file entry-v3.pdb (PDB, C-alpha atoms, pLDDT in the B column)
ATOM      1  CA  MET A   1       7.844  -1.827 -24.370  1.00 49.00           C
ATOM      2  CA  GLY A   2       6.195   1.608 -24.109  1.00 56.00           C
ATOM      3  CA  ILE A   3       4.342   3.008 -21.156  1.00 60.00           C
ATOM      4  CA  SER A   4       0.651   2.185 -21.227  1.00 72.00           C
ATOM      5  CA  TYR A   5      -1.956   4.215 -19.385  1.00 82.00           C
ATOM      6  CA  VAL A   6      -5.425   3.515 -18.064  1.00 87.00           C
ATOM      7  CA  GLU A   7      -7.846   6.317 -17.234  1.00 87.00           C
ATOM      8  CA  PHE A   8     -10.677   6.264 -14.681  1.00 82.00           C
ATOM      9  CA  GLU A   9     -13.258   8.842 -13.737  1.00 85.00           C
ATOM     10  CA  ASP A  10     -13.581   9.116  -9.947  1.00 77.00           C
ATOM     11  CA  ASP A  11     -16.778   9.806  -7.954  1.00 82.00           C
ATOM     12  CA  ALA A  12     -16.254  13.566  -8.321  1.00 87.00           C
ATOM     13  CA  GLY A  13     -16.005  13.284 -12.110  1.00 89.00           C
ATOM     14  CA  ILE A  14     -12.245  13.871 -12.174  1.00 85.00           C
ATOM     15  CA  LEU A  15     -10.338  11.855 -14.748  1.00 87.00           C
ATOM     16  CA  ARG A  16      -7.394   9.996 -13.142  1.00 87.00           C
ATOM     17  CA  ARG A  17      -4.547   8.482 -15.146  1.00 91.00           C
ATOM     18  CA  TYR A  18      -2.699   5.339 -14.039  1.00 94.00           C
ATOM     19  CA  ARG A  19       0.308   3.606 -15.547  1.00 94.00           C
ATOM     20  CA  LYS A  20       1.336  -0.025 -15.241  1.00 94.00           C
ATOM     21  CA  HIS A  21       4.189  -0.516 -12.780  1.00 95.00           C
ATOM     22  CA  VAL A  22       7.333  -2.084 -14.167  1.00 93.00           C
ATOM     23  CA  ASN A  23       7.436  -4.766 -11.424  1.00 96.00           C
ATOM     24  CA  GLY A  24       4.105  -6.598 -11.386  1.00 95.00           C
ATOM     25  CA  ARG A  25       2.095  -4.431 -13.813  1.00 93.00           C
ATOM     26  CA  GLY A  26      -0.258  -3.046 -11.118  1.00 96.00           C
ATOM     27  CA  LEU A  27      -1.852   0.351 -11.682  1.00 96.00           C
ATOM     28  CA  VAL A  28      -0.041   3.386 -10.270  1.00 97.00           C
ATOM     29  CA  ALA A  29      -1.369   6.961 -10.530  1.00 96.00           C
ATOM     30  CA  THR A  30       0.948   9.206 -12.513  1.00 94.00           C
ATOM     31  CA  THR A  31       1.430  11.439  -9.431  1.00 95.00           C
ATOM     32  CA  ALA A  32       2.268   8.526  -7.093  1.00 97.00           C
ATOM     33  CA  LYS A  33       5.839   7.474  -6.282  1.00 97.00           C
ATOM     34  CA  VAL A  34       6.512   3.737  -6.423  1.00 98.00           C
ATOM     35  CA  ASP A  35      10.056   2.418  -6.240  1.00 98.00           C
ATOM     36  CA  ALA A  36      11.065   0.133  -9.120  1.00 97.00           C
ATOM     37  CA  THR A  37      11.935  -2.644  -6.606  1.00 98.00           C
ATOM     38  CA  ALA A  38       8.433  -2.663  -5.111  1.00 98.00           C
ATOM     39  CA  PHE A  39       6.063  -5.354  -6.391  1.00 98.00           C
ATOM     40  CA  VAL A  40       2.600  -4.160  -7.421  1.00 98.00           C
ATOM     41  CA  ASP A  41       0.302  -7.061  -8.339  1.00 98.00           C
ATOM     42  CA  PRO A  42      -1.582  -6.563 -11.642  1.00 96.00           C
ATOM     43  CA  THR A  43      -4.833  -6.177  -9.670  1.00 97.00           C
ATOM     44  CA  ALA A  44      -3.449  -3.642  -7.139  1.00 98.00           C
ATOM     45  CA  TYR A  45      -3.920   0.149  -7.248  1.00 95.00           C
ATOM     46  CA  VAL A  46      -1.831   3.063  -5.980  1.00 98.00           C
ATOM     47  CA  ASP A  47      -3.750   6.347  -5.918  1.00 96.00           C
ATOM     48  CA  PRO A  48      -2.455   9.905  -6.587  1.00 94.00           C
ATOM     49  CA  GLY A  49       0.149  11.264  -4.170  1.00 97.00           C
ATOM     50  CA  ALA A  50       0.783   7.884  -2.518  1.00 98.00           C
ATOM     51  CA  GLU A  51       4.265   6.484  -2.009  1.00 98.00           C
ATOM     52  CA  VAL A  52       5.411   2.853  -2.047  1.00 98.00           C
ATOM     53  CA  GLN A  53       9.033   2.430  -1.041  1.00 98.00           C
ATOM     54  CA  ARG A  54      11.836   0.012  -1.854  1.00 98.00           C
ATOM     55  CA  GLY A  55      11.065  -3.703  -1.590  1.00 98.00           C
ATOM     56  CA  ALA A  56       7.415  -3.242  -0.559  1.00 98.00           C
ATOM     57  CA  THR A  57       4.787  -5.712  -1.798  1.00 98.00           C
ATOM     58  CA  LEU A  58       1.213  -4.923  -2.805  1.00 98.00           C
ATOM     59  CA  SER A  59      -0.682  -8.199  -3.132  1.00 98.00           C
ATOM     60  CA  HIS A  60      -3.689  -9.161  -5.248  1.00 98.00           C
ATOM     61  CA  GLY A  61      -6.414  -6.519  -5.001  1.00 98.00           C
ATOM     62  CA  ALA A  62      -4.476  -4.262  -2.593  1.00 98.00           C
ATOM     63  CA  TRP A  63      -5.415  -0.595  -2.681  1.00 97.00           C
ATOM     64  CA  VAL A  64      -3.250   2.286  -1.439  1.00 98.00           C
ATOM     65  CA  GLU A  65      -5.315   5.479  -1.275  1.00 97.00           C
ATOM     66  CA  GLN A  66      -4.208   9.082  -1.850  1.00 96.00           C
ATOM     67  CA  ASP A  67      -1.198  10.400   0.066  1.00 98.00           C
ATOM     68  CA  ALA A  68      -0.638   7.123   1.950  1.00 98.00           C
ATOM     69  CA  ILE A  69       2.863   5.734   2.486  1.00 98.00           C
ATOM     70  CA  VAL A  70       3.898   2.085   2.394  1.00 98.00           C
ATOM     71  CA  ALA A  71       7.466   2.030   3.747  1.00 98.00           C
ATOM     72  CA  GLU A  72      10.310  -0.189   2.630  1.00 98.00           C
ATOM     73  CA  ASN A  73       9.837  -3.948   2.790  1.00 98.00           C
ATOM     74  CA  ALA A  74       6.260  -3.623   4.056  1.00 98.00           C
ATOM     75  CA  THR A  75       3.519  -5.921   2.732  1.00 98.00           C
ATOM     76  CA  VAL A  76      -0.104  -5.051   1.998  1.00 98.00           C
ATOM     77  CA  GLY A  77      -2.048  -8.313   1.788  1.00 98.00           C
ATOM     78  CA  VAL A  78      -4.717  -9.649  -0.532  1.00 98.00           C
ATOM     79  CA  ASN A  79      -7.651  -7.225  -0.895  1.00 98.00           C
ATOM     80  CA  ALA A  80      -6.312  -5.060   1.943  1.00 98.00           C
ATOM     81  CA  ARG A  81      -6.857  -1.290   1.912  1.00 98.00           C
ATOM     82  CA  VAL A  82      -4.561   1.484   3.135  1.00 98.00           C
ATOM     83  CA  GLY A  83      -6.612   4.635   3.754  1.00 98.00           C
ATOM     84  CA  ARG A  84      -5.898   8.173   2.671  1.00 98.00           C
ATOM     85  CA  GLY A  85      -2.803   9.601   4.380  1.00 98.00           C
ATOM     86  CA  ALA A  86      -2.123   6.393   6.361  1.00 98.00           C
ATOM     87  CA  VAL A  87       1.439   5.219   6.992  1.00 98.00           C
ATOM     88  CA  ILE A  88       2.546   1.583   6.948  1.00 98.00           C
ATOM     89  CA  GLY A  89       5.938   1.261   8.670  1.00 97.00           C
ATOM     90  CA  ARG A  90       9.043  -0.590   7.538  1.00 96.00           C
ATOM     91  CA  PHE A  91       8.685  -4.396   7.532  1.00 96.00           C
ATOM     92  CA  ALA A  92       5.034  -4.077   8.641  1.00 97.00           C
ATOM     93  CA  VAL A  93       2.396  -6.496   7.324  1.00 97.00           C
ATOM     94  CA  VAL A  94      -1.220  -5.585   6.635  1.00 98.00           C
ATOM     95  CA  GLY A  95      -3.028  -8.920   6.530  1.00 98.00           C
ATOM     96  CA  PRO A  96      -5.499 -10.106   3.901  1.00 98.00           C
ATOM     97  CA  TYR A  97      -8.820  -8.238   3.803  1.00 98.00           C
ATOM     98  CA  ALA A  98      -7.616  -5.814   6.504  1.00 98.00           C
ATOM     99  CA  ALA A  99      -8.294  -2.074   6.390  1.00 98.00           C
ATOM    100  CA  VAL A 100      -6.099   0.736   7.696  1.00 98.00           C
ATOM    101  CA  GLY A 101      -8.175   3.891   8.179  1.00 98.00           C
ATOM    102  CA  ALA A 102      -7.377   7.366   6.929  1.00 98.00           C
ATOM    103  CA  GLY A 103      -4.464   8.956   8.767  1.00 98.00           C
ATOM    104  CA  ALA A 104      -3.756   5.793  10.780  1.00 98.00           C
ATOM    105  CA  ARG A 105      -0.241   4.520  11.432  1.00 98.00           C
ATOM    106  CA  VAL A 106       1.058   0.966  11.527  1.00 98.00           C
ATOM    107  CA  GLN A 107       4.383   0.848  13.406  1.00 96.00           C
ATOM    108  CA  ASN A 108       7.564  -0.575  11.933  1.00 95.00           C
ATOM    109  CA  GLY A 109       7.408  -4.378  12.051  1.00 94.00           C
ATOM    110  CA  ALA A 110       3.785  -4.539  13.246  1.00 96.00           C
ATOM    111  CA  ARG A 111       1.294  -7.055  11.855  1.00 96.00           C
ATOM    112  CA  VAL A 112      -2.341  -6.162  11.243  1.00 97.00           C
ATOM    113  CA  PRO A 113      -4.302  -9.435  11.450  1.00 97.00           C
ATOM    114  CA  ARG A 114      -6.474 -10.816   8.668  1.00 97.00           C
ATOM    115  CA  GLU A 115      -9.797  -8.916   8.287  1.00 98.00           C
ATOM    116  CA  ALA A 116      -8.857  -6.475  11.085  1.00 98.00           C
ATOM    117  CA  THR A 117      -9.514  -2.743  10.961  1.00 98.00           C
ATOM    118  CA  VAL A 118      -7.140  -0.063  12.218  1.00 98.00           C
ATOM    119  CA  ALA A 119      -9.375   2.880  13.088  1.00 98.00           C
ATOM    120  CA  GLU A 120      -8.996   6.227  11.360  1.00 98.00           C
ATOM    121  CA  GLY A 121      -6.248   8.307  12.975  1.00 97.00           C
ATOM    122  CA  SER A 122      -5.126   5.561  15.363  1.00 97.00           C
ATOM    123  CA  GLU A 123      -1.829   3.716  15.757  1.00 97.00           C
ATOM    124  CA  HIS A 124      -1.308  -0.039  15.506  1.00 96.00           C
ATOM    125  CA  ARG A 125       1.729  -0.981  17.598  1.00 92.00           C
ATOM    126  CA  ALA A 126       4.143  -3.867  17.099  1.00 84.00           C
ATOM    127  CA  SER A 127       3.750  -6.740  19.558  1.00 84.00           C
ATOM    128  CA  GLY A 128       6.644  -8.534  21.233  1.00 81.00           C
ATOM    129  CA  ASP A 129       6.197 -11.387  18.734  1.00 81.00           C
ATOM    130  CA  ASP A 130       6.398  -8.900  15.841  1.00 76.00           C
ATOM    131  CA  LEU A 131       9.647  -7.471  17.196  1.00 72.00           C
ATOM    132  CA  ARG A 132      11.136 -10.937  17.846  1.00 76.00           C
ATOM    133  CA  ARG A 133      10.305 -11.909  14.242  1.00 73.00           C
ATOM    134  CA  LEU A 134      12.520  -9.038  13.114  1.00 71.00           C
ATOM    135  CA  GLY A 135      15.255  -9.815  15.659  1.00 71.00           C
ATOM    136  CA  LEU A 136      14.573  -6.579  17.566  1.00 64.00           C
ATOM    137  CA  ALA A 137      13.529  -8.074  20.908  1.00 59.00           C
ATOM    138  CA  ALA A 138      14.906 -10.750  23.213  1.00 53.00           C
TER     139      ALA A 138
END
call {"tool": "encode", "arguments": {"input": "entry-v3.pdb", "output": "structure tokens"}}
result
Amino acid sequence: MGISYVEFEDDAGILRRYRKHVNGRGLVATTAKVDATAFVDPTAYVDPGAEVQRGATLSHGAWVEQDAIVAENATVGVNARVGRGAVIGRFAVVGPYAAVGAGARVQNGARVPREATVAEGSEHRASGDDLRRLGLAA
């Protein structure tokens, strides 16, 4: 099967090209880096310059904005948004309908609750329960 592309014109009138990811068929900008083992739901988007690492999951309607990073084995939930330049740590979970602001950081193993917002430029830390879930705390 050949590579298929979809083109969109953004708010500034710039034409952006996306390809369908091999694992899930979600739309990935041609300048984004998404590991082949990551799952990108058919309704998810990865914008230019973003990176989605090994084993990460982008659920239905998830959106990873420009220059953001979703680290290995992290999950971005249903209709959740990762803002421009934000970083989602390894094994972190961004809950359904949650938003991570531009430049914000979600620590390794942390969980952002459903419909929560992580403010622009801030850091969302892992709780003791988050660390216990990963076997990193007593």
call {"tool": "resolve_selection", "arguments": {"input": "entry-v3.pdb", "expression": "the PyMOL selection byres ((chain A and resi 30-33) around 7)", "output": "ChimeraX atom specification"}}
result
/A:17-19,28-29,34-35,46-52
call {"tool": "write_last_selection", "arguments": {"input": "entry-v3.pdb", "atoms": "C-alpha atoms", "output": "PDB file, in the frame of the given file"}}
result
ATOM      1  CA  ARG A  17      -4.547   8.482 -15.146  1.00 91.00           C
ATOM      2  CA  TYR A  18      -2.699   5.339 -14.039  1.00 94.00           C
ATOM      3  CA  ARG A  19       0.308   3.606 -15.547  1.00 94.00           C
ATOM      4  CA  VAL A  28      -0.041   3.386 -10.270  1.00 97.00           C
ATOM      5  CA  ALA A  29      -1.369   6.961 -10.530  1.00 96.00           C
ATOM      6  CA  VAL A  34       6.512   3.737  -6.423  1.00 98.00           C
ATOM      7  CA  ASP A  35      10.056   2.418  -6.240  1.00 98.00           C
ATOM      8  CA  VAL A  46      -1.831   3.063  -5.980  1.00 98.00           C
ATOM      9  CA  ASP A  47      -3.750   6.347  -5.918  1.00 96.00           C
ATOM     10  CA  PRO A  48      -2.455   9.905  -6.587  1.00 94.00           C
ATOM     11  CA  GLY A  49       0.149  11.264  -4.170  1.00 97.00           C
ATOM     12  CA  ALA A  50       0.783   7.884  -2.518  1.00 98.00           C
ATOM     13  CA  GLU A  51       4.265   6.484  -2.009  1.00 98.00           C
ATOM     14  CA  VAL A  52       5.411   2.853  -2.047  1.00 98.00           C
TER      15      VAL A  52
END
call {"tool": "resolve_selection", "arguments": {"input": "entry-v3.pdb", "expression": "the PyMOL selection byres ((chain A and resi 73) around 6)", "output": "ChimeraX atom specification"}}
result
/A:55-56,72,74,90-91
call {"tool": "atom_distance", "arguments": {"input": "entry-v3.pdb", "atom1": "atom CA of Ala68 of chain A", "atom2": "atom CA of Ala99 of chain A"}}
result
12.8 Å
call {"tool": "resolve_selection", "arguments": {"input": "entry-v3.pdb", "expression": "the PyMOL selection byres ((chain A and resi 119) around 12)", "output": "NGL selection string"}}
result
:A and (82-83 or 86 or 98-106 or 112 or 116-118 or 120-124)
call {"tool": "atom_distance", "arguments": {"input": "entry-v3.pdb", "atom1": "atom CA of Arg54 of chain A", "atom2": "atom CA of Thr37 of chain A"}}
result
5.4 Å
call {"tool": "residues_around", "arguments": {"input": "entry-v3.pdb", "residues": "Asp41 of chain A", "least_positions_apart": "3", "cutoff": "12 Å", "atoms": "all atoms listed in the file", "output": "number ranges by chain"}}
result
A: 20-28, 38, 44-46, 56-63, 75-79
call {"tool": "closest_residue", "arguments": {"input": "entry-v3.pdb", "among": "A:Thr43, A:Ser127, A:Ser4, A:Gln53", "to": "Pro113 of chain A", "atoms": "all atoms listed in the file"}}
result
A:Ser127
call {"tool": "atom_distance", "arguments": {"input": "entry-v3.pdb", "atom1": "atom CA of Arg114 of chain A", "atom2": "atom CA of Pro96 of chain A"}}
result
4.9 Å
call {"tool": "closest_residue", "arguments": {"input": "entry-v3.pdb", "among": "A:Ile69, A:Val6, A:Ala126, A:Ala12", "to": "Val87 of chain A", "atoms": "only C-alpha atoms"}}
result
A:Ile69
